[in-house]
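Have a look at the structure below before the remarks.
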Number of protein chains: 2
Amino acid sequence: MELMIIETIDFRKGKVVLLDQTILPLEERLLEIESVDRLCDSIRSMEIRGAPAIGIAAAYGVLLELENVLRGSMPDPPSYLFDHGADTASIVEFGVDAETITARLLGAAESLSQTRPTAVNLFWALDRMRKAIERCSDDPARLFSEIPAEAFAIHEEQLDIERRIGRHGEKLLSDGMSVLTHCNAGGLATAGFGTALGVIYAAKANGKRIKVYADETRPLLQGARLTAWELGRAGIDVTVLCDGAAASLLSSGRVDAVLVGADRIAASGDAANKIGTLGLAVLCERFGIPFYIAAPWSSFDLSAPSGDDIVVEFRNTQEVTSFQGRRTAPDGIDAYNPAFDVTPAGLITAIITEDGIIRDPSEEGIRGAYGGGSARSNET
Amino acid sequence: MELMIIETIDFRKGKVVLLDQTILPLEERLLEIESVDRLCDSIRSMEIRGAPAIGIAAAYGVLLELENVLRGSMPDPPSYLFDHGADTASIVEFGVDAETITARLLGAAESLSQTRPTAVNLFWALDRMRKAIERCSDDPARLFSEIPAEAFAIHEEQLDIERRIGRHGEKLLSDGMSVLTHCNAGGLATAGFGTALGVIYAAKANGKRIKVYADETRPLLQGARLTAWELGRAGIDVTVLCDGAAASLLSSGRVDAVLVGADRIAASGDAANKIGTLGLAVLCERFGIPFYIAAPWSSFDLSAPSGDDIVVEFRNTQEVTSFQGRRTAPDGIDAYNPAFDVTPAGLITAIITEDGIIRDPSEEGIRGAYGGGSARSNET
């Protein structure tokens with residue numbers, strides 16, 4: 001069975017192209033982003049969201065800056081220089097010095113790093129782009145091949161990683177199982193296949209029928225809007241529920257596993273994910289249900305010893321006190337609106353990475369498995 | 001300090017008058033309900049909601065039927081017969097036989113009993129009204145005094161009960177505490193003072209500063225709309241949050257107690273309340289926070305041995321898949337939408353009744369305390 005890939009984000013004809021996730025499922029609209037400032041707005045406003053996807057967006061942001069600085073310096077620029085589907089342009093005529101180009105690229109990386117604080121993939125991707133810039137310091141003309149190559153590699157590697165996460169994770173699921181997920185860790189959050197939902201797509205591709213319950217995930221309803229949309233498209237049976245109904249559902253015995261993504265995993269195994277995840281993990285412990293996280297190594301932050309070291313973004317209170325521009329709470333009321341919570345490692349049954357499954361995650365297990373070590377041999 | 005009473009529901013000049021809770025806080029609109037059918041719609045659509053309040057509404061529904069059957073039979077009826085603020089009308093001329101009146105009243109009670117299945121106060125109030133009808137079987141003219149007297153008594157007793165719940169419960173709160181509540185167990189859910197929120201009002205009246213966190217309570221947002229509105233009106237510091245953010249908040253150590261109402265409490269102490277309550281109780285156990293329920297004896301159903309015997313209402317899936325008429329999930333998607341969940345007695349630290357506080361609720365403790373027994377001596 002063919003695995004479905006969603007065209008969440010790409011770099012096409014000199015522009016970052018992304019599917020506007022703020023208006024799905026009512027409308028499927030592609031945005032063509034022409035400046036880094038606009039891309040930063042897209043990340044902040046969550047037109048593009050999901051830890052792996054914003055990593056790719058950040059990499060493409062640096063490439064977009066290169067596109068713009070070069071074309072802006074050309075007396076008679078072509079309609080575009082770089083395109084994911086085409087060979088890298090051969091650039092000979094441009095009117096800007098190497099120092100300026102490098103400064104512009106690093107400036108773009110800095111702006112992109114300020115957009116959202118929690119998902120570590122953003123910083124990981126920008127680190128890779130900065131290293132690519134550094135590699136060209138002796139021969140700046142190499143930037144014109146290194147920068148697109150690095151950005152496209154981040155995108156393509158991520159897609160491969162998701163397929164591998166799917167292959168490992170689907171072994172945890174049996175035909176006929178029901179899985180609850182939260183927020184959207186699908187193709188829309190990633191390079192196009194998904195982490196948590198990638199596991200479900202891989203199980204389906206392997207002939208297993210999986211029923212999915214999707215928490216609607218207030219305040220921005222990524223579950224009801226995005227997860228329901230992409231699972232429906234893939235022909236997977238999906239039922240949405242209010243976040244508060246998960247306890248009722250989990251206590252009823254109808255759910256065999258909870259499976260979510262992550263935005264940042266500390267060395268201890270504590271994992272930040274969309275607000276509401278911690279509550280699910282506590283419920284899983286109470287009702288004896290396995291709680292799985294699916295995430296690439298790029299979501300791990302081994303420089304953060306524990307969950308206490310993860311910065312949690314607090315977002316505008318209007319996300320809670322109004323709905324699509326319509327006020328739902330009394331005027332001027334205060335709201336508590338963290339975008340993420342942190343689930344302690346002790347509540348996580350296993351973390352599914354591209355190199356295999358880390359059971360009962362701990363600092364020792366994670367460091368040992370990091371980069372394809374023991375995780376590979378720890379597979380089911 | 002004067003305790004605030006909200007005019008949630010009343011019987012005025014031959015009509016049931018209620019504050020439309022579907023449009024609060026954007027608009028404060030009083031509805032004048034002139035027929036039992038319309039009142040049944042009000043209960044179903046949750047223009048009036050909250051277990052104690054729908055008990056009062058049901059009692060007033062039977063009185064409304066008496067008003068209508070009598071006035072409809074009069075050649076020259078006055079503009080109204082019954083009014084909560086006035087003496088009971090002296091009715092001498094009417095053109096309908098006693099059997100028909102009784103049948104109409106019992107029919108109204110039957111219709112009202114079909115509106116919502118979970119809150120036991122509805123059935124408790126209708127039982128009282130049916131017994132009042134029965135008491136008049138020898139002398140049907142007595143209906144004209146017994147029916148209004150019983151309905152007004154249910155309303156007034158409930159208000160007194162709420163003040164008593166407040167007085168007992170506020171002893172559990174100290175100055176400076178923060179309390180999380182779910183849904184709305186305030187004046188809007190009751191005779192006008194509240195059960196869970198009544199405890200907070202009583203604490204405030206006693207000079208204690210209490211900060212309240214209010215779960216927004218999807219799908220119908222009673223927390224964001226109603227609880228925030230009435231606490232704000234009472235000058236109490238309130239912060240709303242998405243239901244999924246409660247785990248983050250409770251794990252942060254910022255909340256000293258969770259305090260909610262109940263729609264039906266079984267003999268075992270298992271308690272049905274608004275969907276999302278069970279999850280809070282599990283979180284309280286995990287994070288070592290007391291979990292309190294405040295409810296009148298009329299919310300207890302000692303004929304239900306345990307929570308398994310409580311009927312949980314499932315409501316229209318569109319409450320989840322759309323928001324104020326606007327679709328939020330893909331077309332045709334299924335939703336899991338129970339209106340209530342059941343919290344096992346083992347997770348409940350104490351139940352606050354009008355007769356005192358039942359700690360570590362159990363069948364023995366509840367039966368012993370029922371109707372003002374040991375609960376009174378079990379007070380803090």
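Chain labels follow the order of the structure tokens: the first chain is A, the next B, and so on; residue numbering restarts at 1 in every chain, and ligands are counted from 1 in their shown order.
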
Residues within 9 Å of B:Ile210, only C-alpha atoms, excluding chain neighbours under 3 positions, as a PDB file with C-alpha atoms, in the first residue's frame:
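Everything below was put into out-v9.pdb:
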```pdb
ATOM      1  CA  LEU B 173     -10.595  27.014  52.450  1.00  0.00           C
ATOM      2  CA  SER B 174      -8.043  29.375  53.967  1.00  0.00           C
ATOM      3  CA  ASP B 175      -7.271  32.960  53.105  1.00  0.00           C
ATOM      4  CA  GLY B 176      -5.013  33.154  50.044  1.00  0.00           C
ATOM      5  CA  MET B 177      -5.838  29.742  48.619  1.00  0.00           C
ATOM      6  CA  SER B 178      -6.237  29.020  44.915  1.00  0.00           C
ATOM      7  CA  VAL B 179      -9.032  26.725  43.802  1.00  0.00           C
ATOM      8  CA  ILE B 200     -16.195  30.303  47.442  1.00  0.00           C
ATOM      9  CA  ALA B 203     -15.351  32.103  52.017  1.00  0.00           C
ATOM     10  CA  LYS B 204     -15.236  35.592  50.510  1.00  0.00           C
ATOM     11  CA  ILE B 236     -13.478  37.256  42.780  1.00  0.00           C
ATOM     12  CA  ASP B 237     -10.136  36.935  40.974  1.00  0.00           C
TER      13      ASP B 237
END
```

Which residues, written as a PyMOL selection string, have at least one atom at most 12 Å from A:Ala247, with only C-alpha atoms counted and residues fewer than 3 positions away on the same chain left out? (chain A and resi 180+215+241-244+250-255+258+276+279-287+289) or (chain B and resi 243-244+274-283+336+338+340-343)

Among listed residues A:Pro140, A:Pro75, A:Gly198, A:Gly207, nearest A:Arg167 (using only C-alpha atoms): A:Gly198

Which residue gives the smallest distance to chain A among B:Ala350, B:Leu19, B:Leu26, B:Ile54, with only C-alpha atoms counted?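 The closest residue to chain A is B:Leu26.
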
Distance query B:Ala86 at most 12 Å, only C-alpha atoms, self and fewer than 3 positions along chain excluded, as a ChimeraX atom specification: /B:11-14,80-83,89-90,148-149,152

Which residue of A:Ala59, A:Leu197, A:Val320, A:Ile293 approaches chain B most closely, using only C-alpha atoms: A:Val320

Where in stretch 136-315 of chain B does DSSP assign alpha helix (DSSP H), given as an MDAnalysis selection string? chainID B and resid 143:169 196:205 222 228:233 246:251 277:287

Find the residues near B:Pro305: any atom within 6 Å, counting only C-alpha atoms, skip ones fewer than 3 places away on the same chain, and give them as a short mmCIF file (atom, residue, chain, number, x, y, z; two decimals) with N, CA and C atoms, in the first residue's frame.
```
data_model
loop_
_atom_site.label_atom_id
_atom_site.label_comp_id
_atom_site.auth_asym_id
_atom_site.auth_seq_id
_atom_site.Cartn_x
_atom_site.Cartn_y
_atom_site.Cartn_z
N ALA B 266 -23.96 8.38 43.61
CA ALA B 266 -24.49 7.05 43.94
C ALA B 266 -24.27 6.76 45.42
N ALA B 267 -24.91 5.70 45.90
CA ALA B 267 -24.78 5.32 47.31
C ALA B 267 -23.33 5.06 47.69
N SER B 268 -22.54 4.60 46.74
CA SER B 268 -21.12 4.30 46.99
C SER B 268 -20.28 5.56 47.16
#
```

Quick one: pull the distance between atom CA of A:Leu231 and atom CA of A:Thr353, Å, one decimal. 21.4 Å

Would you pick out the contacts of B:Pro117 at 9 Å or less, using only C-alpha atoms, so that residues sharing its chain but fewer than 6 positions from it are not included, and give the list as a ChimeraX atom specification? /B:123,311-313

Create the file for the chosen residues now, containing N, CA and C atoms and written as an mmCIF file, in the first residue's frame.
```
data_model
loop_
_atom_site.group_PDB
_atom_site.id
_atom_site.type_symbol
_atom_site.label_atom_id
_atom_site.label_comp_id
_atom_site.auth_asym_id
_atom_site.auth_seq_id
_atom_site.Cartn_x
_atom_site.Cartn_y
_atom_site.Cartn_z
ATOM 1 N N PHE B 123 -35.430 14.380 38.706
ATOM 2 C CA PHE B 123 -36.368 13.315 39.081
ATOM 3 C C PHE B 123 -36.817 13.483 40.530
ATOM 4 N N VAL B 311 -26.971 6.725 34.642
ATOM 5 C CA VAL B 311 -27.107 6.903 33.198
ATOM 6 C C VAL B 311 -26.363 8.171 32.794
ATOM 7 N N VAL B 312 -25.431 8.035 31.856
ATOM 8 C CA VAL B 312 -24.702 9.203 31.364
ATOM 9 C C VAL B 312 -25.291 9.625 30.023
ATOM 10 N N GLU B 313 -25.680 10.885 29.948
ATOM 11 C CA GLU B 313 -26.248 11.432 28.715
ATOM 12 C C GLU B 313 -25.147 11.619 27.669
#
```

Taking only C-alpha atoms into account, which of A:Glu363, A:Leu106, A:Ser113, A:Gly192 comes nearest A:Arg130? A:Leu106

DSSP on the backbone: what in stretch 145-295 of chain B comes out strand (DSSP E or B), as an NGL selection string? :B and (178-181 or 186 or 194 or 211-215 or 238-241 or 257-260 or 264-266 or 271-274 or 291-294)

Please produce a file of the residues just selected, as a short mmCIF file (atom, residue, chain, number, x, y, z; two decimals), in the first residue's frame, where the atoms kept are C-alpha atoms.
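Saved result, part_25.cif, follows:
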```cif
data_model
loop_
_atom_site.label_atom_id
_atom_site.label_comp_id
_atom_site.auth_asym_id
_atom_site.auth_seq_id
_atom_site.Cartn_x
_atom_site.Cartn_y
_atom_site.Cartn_z
CA SER B 178 -6.24 29.02 44.92
CA VAL B 179 -9.03 26.72 43.80
CA LEU B 180 -9.64 25.11 40.42
CA THR B 181 -13.24 24.51 39.38
CA GLY B 186 -22.54 28.51 40.79
CA GLY B 194 -24.27 27.96 44.07
CA LYS B 211 -8.25 32.92 43.65
CA VAL B 212 -10.23 30.75 41.25
CA TYR B 213 -9.01 28.99 38.13
CA ALA B 214 -11.95 28.06 35.89
CA ASP B 215 -11.65 25.27 33.31
CA VAL B 238 -10.67 34.42 38.17
CA THR B 239 -8.41 33.01 35.45
CA VAL B 240 -9.76 30.73 32.74
CA LEU B 241 -7.87 27.89 31.11
CA ALA B 257 -7.85 22.38 45.96
CA VAL B 258 -10.20 21.32 43.19
CA LEU B 259 -13.84 22.02 43.96
CA VAL B 260 -16.74 21.01 41.71
CA ARG B 264 -25.77 12.55 40.66
CA ILE B 265 -23.99 10.81 43.51
CA ALA B 266 -24.49 7.05 43.94
CA ALA B 271 -20.20 10.99 41.52
CA ALA B 272 -21.31 11.98 38.04
CA ASN B 273 -20.42 15.51 37.05
CA LYS B 274 -19.67 17.46 33.86
CA PHE B 291 -10.62 16.98 45.41
CA TYR B 292 -13.91 18.26 46.82
CA ILE B 293 -17.50 17.94 45.63
CA ALA B 294 -20.22 20.28 46.88
#
```

Compile the contact shell of A:Glu354 as a list of chain:residue names: residues with an atom at most 6 Å away, counting only C-alpha atoms, same-chain residues fewer than 6 positions apart removed. A:Ile161, A:Arg164, A:Ile165, A:Pro296

Atom CA of A:Ala103 and atom CA of A:Val69 are how many Å apart? 10.5 Å

Quick one, how far is atom CA of B:Thr321 from atom CA of A:Arg315? 23.9 Å

I want to know what sits within 7 Å of stretch 37-44 of chain A, based on only C-alpha atoms, with residues of the same chain fewer than 2 positions away left out; could you give that as number ranges by chain? A: 33, 35, 46-49, 54, 61, 112, 115-116

Could those selected residues go to a file with C-alpha atoms, as an mmCIF file, in the first residue's frame?
```cif
data_model
loop_
_atom_site.group_PDB
_atom_site.id
_atom_site.type_symbol
_atom_site.label_atom_id
_atom_site.label_comp_id
_atom_site.auth_asym_id
_atom_site.auth_seq_id
_atom_site.Cartn_x
_atom_site.Cartn_y
_atom_site.Cartn_z
ATOM 1 C CA ILE A 33 6.191 32.917 1.338
ATOM 2 C CA SER A 35 10.465 36.852 2.811
ATOM 3 C CA MET A 46 1.045 28.616 13.372
ATOM 4 C CA GLU A 47 0.239 28.669 9.665
ATOM 5 C CA ILE A 48 3.049 26.121 9.824
ATOM 6 C CA ARG A 49 3.426 24.190 13.081
ATOM 7 C CA ILE A 54 9.097 24.166 11.814
ATOM 8 C CA GLY A 61 14.064 30.369 5.745
ATOM 9 C CA LEU A 112 13.881 32.510 12.805
ATOM 10 C CA THR A 115 9.803 32.731 16.606
ATOM 11 C CA ARG A 116 8.925 29.945 19.023
#
```

Nearest to B:Tyr370 among B:Gly332, B:Arg326, B:Gly269, B:Ile23, with distances taken over only C-alpha atoms: which residue is it? B:Gly269
